[in-house]
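Following: one structure in structure tokens, then a few remarks.
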Amino acid sequence: MSLPVTDTSSGAGTRQVDTLIIGSGFAGLGAAIRLARAGKDFLVLERGHDVGGTWRDNTYPGAACDVPSNLYSYSFALNPEWTRSFSPQPEIQAYIESVADRYDVRRRIEFGCEVKSAHWNTTTHRWDVTTDHGDISARVVVSAVGALCEPSLPDITGIENFQGEIFHSARWNHDADLAGKRVAVIGTGASAIQIVPAIAGKVAHLDVYQRTAPWVMPRADREYTPVERFAFRHVPGFQRLSRALQYVTRETQVVGLAKAPVFLKPLELAARAHIRRQIRDRELRRKVTPNFQIGCKRMLISNNYYPALARPNVDLITDGIAEVTADGIVTRDGTVRKVDAIIVATGFHVTDSPTFAGIFGKDGRSLADVFDATGMQGYKGSAVAGFPNMFFLVGPNTGLGHTSMVYMIESQLNYVTDAIRTIDSHRIGTIEVREDSQSEYNRSLQDALRTSVWSNGGCASWYLDKHGNNTTLWPGFTFEFRRITKEFDLAAYRSVAAADLPPVPVTVESAPAPATPKKTRTPRKAAAK
Ligand code: N01
């Protein structure tokens with residue numbers, strides 16, 4: 001157990017924190033629970049006013065999960081309260097809040113505290129973190145900011161001049177009354193296809209601006225019966241069995257997605273049949289039929305998106321947007337469509353998150369600069385060379401298109417918790433993934449991705465960075481990731497024992513607090529080179 005060096009009082013001066021976790025979505029909250037269980041000393045900073053991350057922020061009408069409910073929870077906190085086979089956002093948010101309460105970690109989370117920057121201090125061998133609640137010095141930082149947290153706004157000429165209501169899907173303005181209004185939705189991704197059916201019946205007219213038609217599959221969503229809900233609560237192993245079956249079924253998709261896309265053909269046929277079943281109009285059928293291989297972009301699921309598009313008050317517009325004016329949208333063919341409100345459902349900054357620009361590693365370069373040069377590369381999604389004593393959750397190549405991210409997050413929690421345990425038990429002062437470990441790891445990832453539909457399916461997606469590399473998705477079965485993250489592999493890292501670090505010079509004005517627990521007796525030779 002590490003010594004309790006965290007001083008969370010927000011008095012004058014720099015606060016000393018042992019492990020600083022940034023974010024309290026599924027990843028950050030999970031990290032807090034795991035570190036609390038391991039008896040570690042930590043503080044969580046959360047810029048929002050509650051836990052939940054992307055599930056707290058995405059409150060748009062129709063928001064729901066496209067992963068089955070029983071798979072979409074922590075393995076250590078199954079939720080017998082799910083009411084449907086695919087959960088709506090309010091239930092997921094309520095679940096996350098209930099877990100925070102059950103594991104009593106809220107008191108270790110500082111809400112409404114935004115991290116502005118984090119600089120590795122080569123003198124103190126700690127992270128200097130600037131926040132809007134003052135400065136913090138942390139021995140270890142765990143970044144759990146998530147991939148889908150920074151809304152991406154489209155760079156469309158004139159959009160800043162629009163005079164009506166305009167907001168991003170992840171920042172829904174619940175004060176805006178859309179009833180009886182002319183509304184435009186820009187984008188046809190996972191968020192938009194849930195928003196469109198939810199508002200189509202309320203607005204006077206809806207224009208849906210589609211740049212690329214997505215593949216949409218039927219959604220096997222239904223209410224759980226009272227018998228099932230009783231069994232989830234009272235029959236030992238029943239919910240876990242349901243979860244295991246869902247896990248295995250979903251995992252079979254990896255064969256088609258990552259290894260041999262020919263096996264995705266049955267899914268494509270099912271999606272084509274879905275279009276034929278739900279849309280009569282030939283022209284609309286043509287417009288919604290994608291021109292790339294299924295799976296290349298995230299496969300969407302909906303039973304009410306196509307019927308919503310077929311409504312008389314809804315138009316699907318496929319001519320590109322030329323500009324936005326004060327009161328409407330002009331497409332490239334010159335047509336002007338007046339609207340009262342625009343909903344921007346254009347996704348998130350994933351490979352170019354603005355959070356990268358505020359993290360500065362040991363050579364003074366920001367994570368944004370490093371990723372700009374090399375692409376978003378890391379090691380096991382959890383560490384990046386040049387950024388000592390920093391771990392990432394939902395880092396590079398940990399994303400998924402086919403199953404629950406919570407499974408990947410829990411794999412990373414095993415790894416990062418074990419890393420912190422190792423740092424403490426070996427009395428390590430600084431630890432950093434070796435460049436050769438990271439390069440080798442990324443070479444094998446990119447090799448594995450070569451056969452995937454994401455690389456060969458003929459689409460442009462946010463899975464690929466500007467170098468054309470897929471730096472977001474895990475290229476194999478998720479149990480393979482679970483295996484390689486089961487234990488922290490110290491040999492892949494360069495570390496310096498705390499006792500071998502040069503002493504921190506003491507200045508007249510301020511004497512820095514001890515960097516690492518000093519009163520320890522583990523032999524320094526235990527730290528790997
Ligand atoms: O964003 P997206 P999202 N002009 O990036 C279009 C997760 N999620 O918020 O395809 C016009 O998928 C863009 O067009 P194109 C899930 O992981 C999960 O919908 O790039 N259009 C696309 O249609 C998902 O993948 C759930 O040509 C522009 C859309 O905007 C991720 O969140 C629910 C444009 C963006 O789609 C993001 O989904 C919801 C422009 N300038 C979301 N720029 C679950 O159920 C972009 N577009 C778990």
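Lettering and numbering for the structure tokens are positional, with chains as A, B, ... in the shown order, residues counted from 1 in each chain, and ligands counted from 1 in the shown order.
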
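Restricting the atom set to only C-alpha atoms and all ligand atoms, one finds that the residues within 6 Å of ligand 1 amount to Ala64, Cys65, Asp66, Pro154, Asp155, Ile186, Gly187, Thr188, Gly189, Ala190, Ser191, Ala192, Arg211, Thr212, Arg298, Ala345, Thr346 and Gly347 of chain A.
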
Inset, instruction - Using only C-alpha atoms, pick whichever of A:Val67, A:Ala118, A:Ala322, A:Ala170 has the shortest atom-to-atom distance to Met299 of chain A. - result: A:Val67

Inset, instruction - Name all residues at most 12 Å from Gly364 of chain A (count only C-alpha atoms; drop same-chain ones fewer than 2 positions away) and give them as a ChimeraX atom specification. - result: /A:118-122,357-362,366-370,386-387

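The protein and nucleic acid residues lying at most 12 Å from Gly468 of chain A are Thr351, Thr374, Gly375, Met376, Gln446, Leu449, Arg450, Trp454, Ser455, Asn456, Cys459, Ala460, Ser461, Trp462, Tyr463, Leu464, Asp465, Thr471 and Thr472 of chain A, with only C-alpha atoms considered and sequence neighbours fewer than 3 positions away removed.
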
Set the distance at 6 Å and use only C-alpha atoms: which residues neighbour Phe348 of chain A once local chain neighbours fewer than 2 positions away are removed? I'd like the list as a PDB file with all heavy atoms, in the first residue's frame.
ATOM      1  N   LEU A 148     -14.827   9.890 -26.612  1.00  0.00           N
ATOM      2  CA  LEU A 148     -15.997  10.560 -27.187  1.00  0.00           C
ATOM      3  C   LEU A 148     -16.436  11.704 -26.273  1.00  0.00           C
ATOM      4  O   LEU A 148     -17.592  11.777 -25.859  1.00  0.00           O
ATOM      5  CB  LEU A 148     -17.142   9.561 -27.383  1.00  0.00           C
ATOM      6  CG  LEU A 148     -16.811   8.315 -28.219  1.00  0.00           C
ATOM      7  CD1 LEU A 148     -17.984   7.359 -28.252  1.00  0.00           C
ATOM      8  CD2 LEU A 148     -16.417   8.705 -29.644  1.00  0.00           C
ATOM      9  N   GLU A 150     -15.030  15.175 -26.665  1.00  0.00           N
ATOM     10  CA  GLU A 150     -14.885  16.522 -27.231  1.00  0.00           C
ATOM     11  C   GLU A 150     -15.674  16.611 -28.533  1.00  0.00           C
ATOM     12  O   GLU A 150     -15.250  16.094 -29.563  1.00  0.00           O
ATOM     13  CB  GLU A 150     -13.399  16.821 -27.506  1.00  0.00           C
ATOM     14  CG  GLU A 150     -12.530  16.848 -26.270  1.00  0.00           C
ATOM     15  CD  GLU A 150     -12.832  18.023 -25.346  1.00  0.00           C
ATOM     16  OE1 GLU A 150     -13.438  19.015 -25.811  1.00  0.00           O
ATOM     17  OE2 GLU A 150     -12.458  17.945 -24.157  1.00  0.00           O
ATOM     18  N   PRO A 151     -16.832  17.273 -28.515  1.00  0.00           N
ATOM     19  CA  PRO A 151     -17.647  17.373 -29.730  1.00  0.00           C
ATOM     20  C   PRO A 151     -16.864  17.963 -30.903  1.00  0.00           C
ATOM     21  O   PRO A 151     -16.100  18.907 -30.720  1.00  0.00           O
ATOM     22  CB  PRO A 151     -18.782  18.316 -29.322  1.00  0.00           C
ATOM     23  CG  PRO A 151     -18.859  18.213 -27.858  1.00  0.00           C
ATOM     24  CD  PRO A 151     -17.458  17.964 -27.384  1.00  0.00           C
ATOM     25  N   SER A 152     -17.071  17.381 -32.058  1.00  0.00           N
ATOM     26  CA  SER A 152     -16.418  17.883 -33.269  1.00  0.00           C
ATOM     27  C   SER A 152     -17.437  18.705 -34.050  1.00  0.00           C
ATOM     28  O   SER A 152     -18.475  18.194 -34.450  1.00  0.00           O
ATOM     29  CB  SER A 152     -15.927  16.678 -34.079  1.00  0.00           C
ATOM     30  OG  SER A 152     -15.583  17.070 -35.369  1.00  0.00           O
ATOM     31  N   VAL A 350     -11.614  12.377 -31.994  1.00  0.00           N
ATOM     32  CA  VAL A 350     -11.113  11.129 -31.422  1.00  0.00           C
ATOM     33  C   VAL A 350      -9.597  11.055 -31.584  1.00  0.00           C
ATOM     34  O   VAL A 350      -8.853  11.024 -30.607  1.00  0.00           O
ATOM     35  CB  VAL A 350     -11.801   9.908 -32.065  1.00  0.00           C
ATOM     36  CG1 VAL A 350     -11.240   8.617 -31.489  1.00  0.00           C
ATOM     37  CG2 VAL A 350     -13.304   9.977 -31.842  1.00  0.00           C
TER      38      VAL A 350
END

Inset, instruction - Find the spatial neighbours of Pro475 of chain A, counting only C-alpha atoms, within a cut-off of 9 Å - ignore same-chain residues fewer than 6 positions away - and output them as a ChimeraX atom specification. - result: /A:254,257-259,397-398,400,445-446,448-449,452

Dump C-alpha atoms for the selected residues as a PDB file, in the first residue's frame?
ATOM      1  CA  VAL A 254     -14.433 -10.163 -35.087  1.00  0.00           C
ATOM      2  CA  LEU A 257     -14.437  -7.333 -39.123  1.00  0.00           C
ATOM      3  CA  ALA A 258     -10.771  -7.942 -38.471  1.00  0.00           C
ATOM      4  CA  LYS A 259      -9.706 -11.087 -40.254  1.00  0.00           C
ATOM      5  CA  ASN A 397      -6.249   1.123 -30.341  1.00  0.00           C
ATOM      6  CA  THR A 398      -8.581   0.122 -27.549  1.00  0.00           C
ATOM      7  CA  LEU A 400     -14.404  -1.467 -30.559  1.00  0.00           C
ATOM      8  CA  LEU A 445      -1.177  -3.996 -34.440  1.00  0.00           C
ATOM      9  CA  GLN A 446      -0.872  -2.484 -37.903  1.00  0.00           C
ATOM     10  CA  ALA A 448      -3.140  -7.365 -37.799  1.00  0.00           C
ATOM     11  CA  LEU A 449      -5.230  -4.462 -39.120  1.00  0.00           C
ATOM     12  CA  SER A 452      -9.531  -5.719 -41.579  1.00  0.00           C
TER      13      SER A 452
END

Legend entry - Atom-to-atom span, atom CA of Val433 of chain A and atom CA of Ala383 of chain A, Å: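 Interatomic distance, atom CA of Val433 of chain A to atom CA of Ala383 of chain A: 6.4 Å.
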
Inset, instruction - Just give me the gap between atom CA of Val196 of chain A and atom CA of Leu153 of chain A in Å, one decimal is fine. - result: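 Interatomic distance here is 18.5 Å.
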
Inset, instruction - Enter the distance from atom CA of Asp177 of chain A to atom CA of Asp221 of chain A, in Å, rounded to one decimal. - result: 28.4 Å

Give me the residues within 9 Å of Met405 of chain A as a compact mmCIF listing (two decimals) with N, CA and C atoms, in the first residue's frame, counting only C-alpha atoms and dropping any in the same chain fewer than 5 places off.
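Contents of selection-v9.txt, as written:
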# COMPACT_ATOMS: atom_id res chain seq x y z
N PHE A 26 -17.09 5.74 -17.27
CA PHE A 26 -16.90 4.32 -16.97
C PHE A 26 -15.44 4.02 -16.61
N TYR A 72 -23.32 -4.42 -20.88
CA TYR A 72 -22.89 -3.04 -20.72
C TYR A 72 -22.87 -2.64 -19.25
N VAL A 394 -8.78 3.77 -22.22
CA VAL A 394 -9.36 4.04 -23.53
C VAL A 394 -8.33 4.80 -24.38
N THR A 398 -7.79 0.91 -28.50
CA THR A 398 -8.58 0.12 -27.55
C THR A 398 -10.07 0.18 -27.88
N GLY A 399 -10.42 0.88 -28.96
CA GLY A 399 -11.84 1.03 -29.31
C GLY A 399 -12.39 -0.24 -29.94
N LEU A 400 -13.72 -0.30 -30.01
CA LEU A 400 -14.40 -1.47 -30.56
C LEU A 400 -15.59 -1.02 -31.39
N GLU A 410 -12.26 -2.61 -18.44
CA GLU A 410 -11.89 -3.47 -17.30
C GLU A 410 -10.55 -4.17 -17.54

Legend entry - Members of segment 302-362 of chain A assigned helix (DSSP H, G or I) by DSSP, as a list in words: Tyr305, Tyr306, Pro307, Ala308, Leu309, Pro354, Thr355, Phe356, Ala357 and Gly358 of chain A

Emit the selected residues as a PDB file, in the first residue's frame, including N, CA and C atoms.
ATOM      1  N   TYR A 305     -35.368   4.364 -37.647  1.00  0.00           N
ATOM      2  CA  TYR A 305     -34.697   5.414 -38.420  1.00  0.00           C
ATOM      3  C   TYR A 305     -35.257   5.484 -39.845  1.00  0.00           C
ATOM      4  N   TYR A 306     -35.288   4.364 -40.551  1.00  0.00           N
ATOM      5  CA  TYR A 306     -35.784   4.386 -41.929  1.00  0.00           C
ATOM      6  C   TYR A 306     -37.253   4.828 -41.994  1.00  0.00           C
ATOM      7  N   PRO A 307     -38.116   4.300 -41.100  1.00  0.00           N
ATOM      8  CA  PRO A 307     -39.505   4.799 -41.134  1.00  0.00           C
ATOM      9  C   PRO A 307     -39.578   6.311 -40.900  1.00  0.00           C
ATOM     10  N   ALA A 308     -38.685   6.841 -40.066  1.00  0.00           N
ATOM     11  CA  ALA A 308     -38.701   8.293 -39.835  1.00  0.00           C
ATOM     12  C   ALA A 308     -38.311   9.032 -41.113  1.00  0.00           C
ATOM     13  N   LEU A 309     -37.299   8.513 -41.822  1.00  0.00           N
ATOM     14  CA  LEU A 309     -36.890   9.169 -43.073  1.00  0.00           C
ATOM     15  C   LEU A 309     -38.016   9.141 -44.107  1.00  0.00           C
ATOM     16  N   PRO A 354      -8.621  17.717 -28.391  1.00  0.00           N
ATOM     17  CA  PRO A 354      -7.925  18.901 -27.868  1.00  0.00           C
ATOM     18  C   PRO A 354      -7.232  18.643 -26.534  1.00  0.00           C
ATOM     19  N   THR A 355      -7.641  17.596 -25.807  1.00  0.00           N
ATOM     20  CA  THR A 355      -6.990  17.322 -24.510  1.00  0.00           C
ATOM     21  C   THR A 355      -5.504  16.963 -24.715  1.00  0.00           C
ATOM     22  N   PHE A 356      -5.169  16.439 -25.920  1.00  0.00           N
ATOM     23  CA  PHE A 356      -3.774  16.052 -26.167  1.00  0.00           C
ATOM     24  C   PHE A 356      -2.844  17.270 -26.140  1.00  0.00           C
ATOM     25  N   ALA A 357      -3.396  18.430 -26.474  1.00  0.00           N
ATOM     26  CA  ALA A 357      -2.542  19.622 -26.606  1.00  0.00           C
ATOM     27  C   ALA A 357      -2.060  20.133 -25.254  1.00  0.00           C
ATOM     28  N   GLY A 358      -2.703  19.712 -24.170  1.00  0.00           N
ATOM     29  CA  GLY A 358      -2.348  20.243 -22.849  1.00  0.00           C
ATOM     30  C   GLY A 358      -1.457  19.327 -22.032  1.00  0.00           C
TER      31      GLY A 358
END

Legend entry - Nearest residue to Gly295 of chain A from the set A:Trp172, A:Tyr209, A:Phe162, A:Trp215 (distances using only C-alpha atoms): A:Trp215
